Every structure is written in C-alpha cells, then in structure tokens.
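Q: Pasting model.pdb here (PDB, C-alpha atoms):
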ATOM      1  CA  MET F 330      30.478  52.142  -7.077
ATOM      2  CA  TYR F 331      28.737  53.122 -10.270
ATOM      3  CA  ILE F 332      29.936  54.301 -13.670
ATOM      4  CA  LEU F 333      28.207  57.042 -15.631
ATOM      5  CA  ARG F 334      28.399  57.625 -19.387
ATOM      6  CA  PRO F 335      31.448  59.740 -20.312
ATOM      7  CA  ASP F 336      29.591  62.035 -22.714
ATOM      8  CA  ILE F 337      27.373  63.710 -20.117
ATOM      9  CA  ALA F 338      28.246  67.196 -18.850
ATOM     10  CA  GLU F 339      29.922  67.767 -15.488
ATOM     11  CA  ASP F 340      26.884  69.529 -14.020
ATOM     12  CA  GLU F 341      24.732  66.540 -15.025
ATOM     13  CA  VAL F 342      27.203  64.242 -13.267
ATOM     14  CA  THR F 343      26.734  66.321 -10.111
ATOM     15  CA  ASN F 344      22.949  66.110 -10.578
ATOM     16  CA  HIS F 345      23.141  62.304 -10.856
ATOM     17  CA  ILE F 346      25.294  62.065  -7.728
ATOM     18  CA  ASN F 347      22.830  64.224  -5.787
ATOM     19  CA  LYS F 348      19.890  62.230  -7.192
ATOM     20  CA  TYR F 349      21.250  58.850  -6.077
ATOM     21  CA  ASN F 350      22.325  60.267  -2.700
ATOM     22  CA  LYS F 351      18.786  61.568  -2.076
ATOM     23  CA  LEU F 352      17.233  58.293  -3.239
ATOM     24  CA  LEU F 353      19.463  56.340  -0.887
ATOM     25  CA  GLU F 354      18.454  58.509   2.068
ATOM     26  CA  GLU F 355      14.759  58.227   1.108
ATOM     27  CA  PHE F 356      15.035  54.422   1.067
ATOM     28  CA  GLY F 357      16.478  54.369   4.592
ATOM     29  CA  GLY F 358      20.234  54.347   3.992
ATOM     30  CA  THR F 359      22.832  56.603   5.558
ATOM     31  CA  ILE F 360      25.486  58.111   3.289
ATOM     32  CA  LEU F 361      28.981  57.871   4.756
ATOM     33  CA  ASP F 362      30.953  59.203   1.789
ATOM     34  CA  SER F 363      30.266  60.100  -1.836
ATOM     35  CA  GLN F 364      33.204  60.767  -4.155
ATOM     36  CA  MET F 365      33.450  61.411  -7.856
ATOM     37  CA  ARG F 366      36.582  59.546  -8.989
ATOM     38  CA  GLY F 367      36.610  61.197 -12.402
ATOM     39  CA  LYS F 368      36.667  59.985 -15.980
ATOM     40  CA  ARG F 369      38.755  56.857 -16.480
ATOM     41  CA  ARG F 370      39.373  54.329 -19.202
ATOM     42  CA  LEU F 371      37.308  51.156 -18.864
ATOM     43  CA  ALA F 372      38.941  47.732 -18.827
ATOM     44  CA  TYR F 373      36.631  46.695 -21.667
ATOM     45  CA  GLN F 374      34.076  48.403 -23.862
ATOM     46  CA  ILE F 375      30.598  48.795 -22.336
ATOM     47  CA  ALA F 376      27.716  49.869 -24.586
ATOM     48  CA  LYS F 377      30.156  51.350 -27.116
ATOM     49  CA  HIS F 378      31.885  53.428 -24.419
ATOM     50  CA  ARG F 379      35.620  53.129 -23.756
ATOM     51  CA  GLU F 380      35.605  55.576 -20.807
ATOM     52  CA  GLY F 381      33.319  56.237 -17.894
ATOM     53  CA  VAL F 382      32.840  58.603 -14.966
ATOM     54  CA  TYR F 383      33.428  56.628 -11.767
ATOM     55  CA  VAL F 384      31.493  57.497  -8.595
ATOM     56  CA  GLN F 385      32.111  55.814  -5.245
ATOM     57  CA  LEU F 386      29.231  55.860  -2.796
ATOM     58  CA  SER F 387      29.790  54.491   0.711
ATOM     59  CA  HIS F 388      26.597  53.996   2.647
ATOM     60  CA  GLN F 389      25.196  52.178   5.646
ATOM     61  CA  GLY F 390      21.835  50.587   6.196
ATOM     62  CA  ASP F 391      19.906  47.403   6.792
ATOM     63  CA  GLY F 392      20.279  46.182   3.197
ATOM     64  CA  GLN F 393      16.655  46.641   2.163
ATOM     65  CA  HIS F 394      17.493  49.868   0.337
ATOM     66  CA  ILE F 395      20.110  48.261  -1.934
ATOM     67  CA  PHE F 396      17.583  46.567  -4.234
ATOM     68  CA  LYS F 397      15.706  49.848  -4.702
ATOM     69  CA  ILE F 398      18.801  51.954  -5.469
ATOM     70  CA  GLU F 399      20.135  49.301  -7.875
ATOM     71  CA  LYS F 400      16.775  49.218  -9.660
ATOM     72  CA  ALA F 401      16.899  53.008 -10.066
ATOM     73  CA  MET F 402      20.437  52.731 -11.513
ATOM     74  CA  ARG F 403      19.423  49.884 -13.837
ATOM     75  CA  LEU F 404      16.532  51.952 -15.214
ATOM     76  CA  GLY F 405      18.658  55.093 -15.595
ATOM     77  CA  GLU F 406      20.155  55.480 -19.073
ATOM     78  CA  ASP F 407      23.236  57.335 -17.865
ATOM     79  CA  VAL F 408      24.482  54.558 -15.550
ATOM     80  CA  ILE F 409      26.411  52.007 -17.601
ATOM     81  CA  ARG F 410      27.572  49.800 -14.673
ATOM     82  CA  TYR F 411      27.057  49.562 -10.933
ATOM     83  CA  MET F 412      28.326  47.267  -8.215
ATOM     84  CA  THR F 413      27.428  47.004  -4.559
ATOM     85  CA  VAL F 414      29.931  45.395  -2.200
ATOM     86  CA  LYS F 415      29.327  44.602   1.460
ATOM     87  CA  GLN F 416      32.221  45.762   3.608
ATOM     88  CA  GLU F 417      33.148  43.870   6.732
ATOM     89  CA  GLY F 418      35.073  45.594   9.501
ATOM     90  CA  PRO F 419      35.490  49.295  10.221
ATOM     91  CA  LEU F 420      33.405  51.838   8.358
ATOM     92  CA  PRO F 421      35.135  54.143   5.864
ATOM     93  CA  THR F 422      35.900  57.652   7.017
ATOM     94  CA  PRO F 423      35.651  60.635   4.664
ATOM     95  CA  LYS F 424      38.973  61.772   3.244
ATOM     96  CA  SER F 425      40.033  65.376   3.756
ATOM     97  CA  SER F 426      40.450  67.310   0.512
ATOM     98  CA  ASN F 427      43.250  69.544   1.900
ATOM     99  CA  LYS F 428      46.389  68.288   0.149
ATOM    100  CA  SER F 429      48.724  71.017   1.416
ATOM    101  CA  THR F 430      48.990  69.684   4.970
ATOM    102  CA  PRO F 431      51.341  66.716   5.289
ATOM    103  CA  GLN F 432      49.834  63.725   7.042
ATOM    104  CA  PRO F 433      51.767  60.928   8.720
ATOM    105  CA  GLU F 434      51.709  57.604   6.890
ATOM    106  CA  ASN F 435      50.361  55.621   9.826
ATOM    107  CA  LYS F 436      48.554  57.630  12.506
ATOM    108  CA  ILE F 437      47.844  54.660  14.758
ATOM    109  CA  ASN F 438      51.329  53.166  15.080
ATOM    110  CA  PRO F 439      54.117  55.297  13.527
ATOM    111  CA  GLU F 440      56.761  52.764  14.649
ATOM    112  CA  VAL F 441      55.501  50.307  12.014
ATOM    113  CA  ASN F 442      56.427  52.720   9.211
ATOM    114  CA  GLU F 443      59.925  53.288  10.616
ATOM    115  CA  GLU F 444      60.584  49.553  10.825
ATOM    116  CA  SER F 445      59.351  48.915   7.299
ATOM    117  CA  LYS F 446      61.613  51.646   5.905
ATOM    118  CA  GLU F 447      64.684  50.127   7.553
ATOM    119  CA  SER F 448      64.000  46.513   6.591
ATOM    120  CA  LYS F 449      65.182  45.348   3.188
ATOM    121  CA  PRO F 450      63.172  43.008   0.971
ATOM    122  CA  GLU F 451      64.362  39.415   0.877
ATOM    123  CA  THR F 452      65.751  38.134  -2.400
ATOM    124  CA  ILE F 453      64.868  34.730  -3.692
ATOM    125  CA  PRO F 454      67.573  32.726  -5.492
ATOM    126  CA  GLY F 455      66.768  32.569  -9.184
ATOM    127  CA  ASP F 456      64.996  35.901  -9.046
ATOM    128  CA  SER F 457      66.079  38.362 -11.745
ATOM    129  CA  THR F 458      67.002  40.963  -9.111
ATOM    130  CA  SER F 459      69.402  38.632  -7.340
ATOM    131  CA  LYS F 460      71.519  37.322 -10.261
ATOM    132  CA  LYS F 461      74.610  39.125  -8.985
ATOM    133  CA  GLU F 462      74.169  37.526  -5.555
ATOM    134  CA  ASP F 463      73.675  34.086  -7.167
ATOM    135  CA  THR F 464      76.973  34.329  -9.023
ATOM    136  CA  GLU F 465      78.728  35.418  -5.831
ATOM    137  CA  ILE F 466      77.252  32.442  -3.949
ATOM    138  CA  LYS F 467      78.344  30.029  -6.714
ATOM    139  CA  LYS F 468      81.904  31.426  -6.711
ATOM    140  CA  SER F 469      82.190  31.139  -2.927
ATOM    141  CA  SER F 470      80.808  27.565  -2.922
ATOM    142  CA  GLU F 471      83.204  26.468  -5.681
ATOM    143  CA  SER F 472      86.305  27.619  -3.802
TER
END
What's the structure tokens form of this structure?

A:
Amino acid sequence: MYILRPDIAEDEVTNHINKYNKLLEEFGGTILDSQMRGKRRLAYQIAKHREGVYVQLSHQGDGQHIFKIEKAMRLGEDVIRYMTVKQEGPLPTPKSSNKSTPQPENKINPEVNEESKESKPETIPGDSTSKKEDTEIKKSSES
C-alpha cells in the first residue's frame, strides 16, 4: 500500500501506478493485483497534507525486490507514505469490477451464511442493549 499526494492530477496518478508496477516487474516481482482506492482523508497530517490517494499493490516474489521498490518510493516526491506487509496464507485474487451481477456471500460454504442469519447474538447482563431483559430477570427472581 502506498499513498500519493492528493494534489496531483488523475492521469499522473495512473502514470505513477504504471511506473511502480513496471519497476516491480523489472526487479523480479509478479503483480497479482493493483487497485487505486481513491482519495481519502488521512488519520493524521503528513507533510501538510490531510488527504491522500491510496493505492493497493499486491505482488509476489522472493523478497529481494521489496527494498528496491521501497527505495524508489522513498525517493519519489509524490509518495507521502508506503507500507509493505507480508501476507501469510492464500494469495489475493483480483476482484471483478462488474457490480451489476449479484454474488453469493460465501461461495465455498453457503450453509455458513444461512446459519449465521438465523442465530441471534448473545446478550451480556449489564450490557446497554439488554437492560429490559435485566429488569425482567430481576422481577422474576424477586417473586
């Protein structure tokens, strides 16, 4: 994940995404997915910027390319933050951009979704959502 300055034009954002994707491939990495997440408000101010353009880049490789791509981002003036996280487990799959087709919530085991819809959350005594139940329990225990 890396964050670009918010004041750069959209075509420049696309150029930066293509630039870092090409660099990653040149350094021996394989790009699995590259998504522009859009302009979002930052949690705190970075270099006098309150917003940033978030880009998520999922890639695979032996790890030797990470230092080189991070150095390129550190030297670039338009990248205000970057973070590389190693993911354990299954590799991410690209998301389809077609929003008109409905997709099931859980493709692997649809029974799990049906069970979770039917089950009700447990209430803990003293919880603000269960005050009515608490008073009913007190009344029944008093009598």

Q: What would the selection look like, as a PDB file with C-alpha atoms, in the frame of the given file, if the PyMOL selection byres ((chain F and resi 346) around 9) were run on the coordinates I just shared?

A:
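Resulting contents of expr_27.pdb:
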ATOM      1  CA  GLU F 341      24.732  66.540 -15.025  1.00  0.00           C
ATOM      2  CA  VAL F 342      27.203  64.242 -13.267  1.00  0.00           C
ATOM      3  CA  THR F 343      26.734  66.321 -10.111  1.00  0.00           C
ATOM      4  CA  ASN F 344      22.949  66.110 -10.578  1.00  0.00           C
ATOM      5  CA  HIS F 345      23.141  62.304 -10.856  1.00  0.00           C
ATOM      6  CA  ASN F 347      22.830  64.224  -5.787  1.00  0.00           C
ATOM      7  CA  LYS F 348      19.890  62.230  -7.192  1.00  0.00           C
ATOM      8  CA  TYR F 349      21.250  58.850  -6.077  1.00  0.00           C
ATOM      9  CA  ASN F 350      22.325  60.267  -2.700  1.00  0.00           C
ATOM     10  CA  LYS F 351      18.786  61.568  -2.076  1.00  0.00           C
ATOM     11  CA  SER F 363      30.266  60.100  -1.836  1.00  0.00           C
ATOM     12  CA  GLN F 364      33.204  60.767  -4.155  1.00  0.00           C
ATOM     13  CA  MET F 365      33.450  61.411  -7.856  1.00  0.00           C
ATOM     14  CA  VAL F 384      31.493  57.497  -8.595  1.00  0.00           C
ATOM     15  CA  LEU F 386      29.231  55.860  -2.796  1.00  0.00           C
TER      16      LEU F 386
END

Q: Identify, on the basis of only C-alpha atoms, every residue whose closest approach to Leu371 of chain F does not exceed 12 Å; exclude the query and any residue fewer than 6 positions from it along the same chain; express the result as a PyMOL selection string.

A: chain F and resi 332-335+377-383+409-410

Q: By how many Å are atom CA of Glu339 of chain F and atom CA of Gly367 of chain F apart?

A: 9.9 Å

Q: Which residues are close to Gln416 of chain F, i.e. within 12 Å by all atoms listed in the file, leaving aside same-chain residues fewer than 2 positions away? Reply as a ChimeraX atom specification.

A: /F:387-390,392,413-414,418-421

Q: Pick out the closest residue to Arg366 of chain F from this set: F:Glu399, F:Met330, F:Gln393, F:Ala338. Count all atoms listed in the file.

A: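 The closest residue to Arg366 of chain F is F:Met330.
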
Q: Rank F:Ile398, F:Asp362, F:Tyr373, F:Asp336 by their smallest atom-to-atom distance to Tyr411 of chain F, using only C-alpha atoms, and report the top residue only.

A: F:Ile398

Q: Take atom CA of Phe396 of chain F and atom CA of Tyr331 of chain F and report the distance between them in Å, one decimal.

A: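 Distance reported for this atom pair: 14.3 Å.
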
Q: What does the structure give for the distance between atom CA of Glu417 of chain F and atom CA of Ala401 of chain F, in Å to one decimal?

A: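 Atom-to-atom, atom CA of Glu417 of chain F to atom CA of Ala401 of chain F, that is 25.1 Å.
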
Q: Between F:Gln385, F:Leu404, F:Gln374, F:Asp340, which one has atoms that come closest to Leu361 of chain F, using only C-alpha atoms?

A: F:Gln385

Q: Find the residue from F:Ala376, F:His394, F:Met412, F:Ile337 that sits nearest to Ile360 of chain F; use all atoms listed in the file when measuring.

A: F:His394
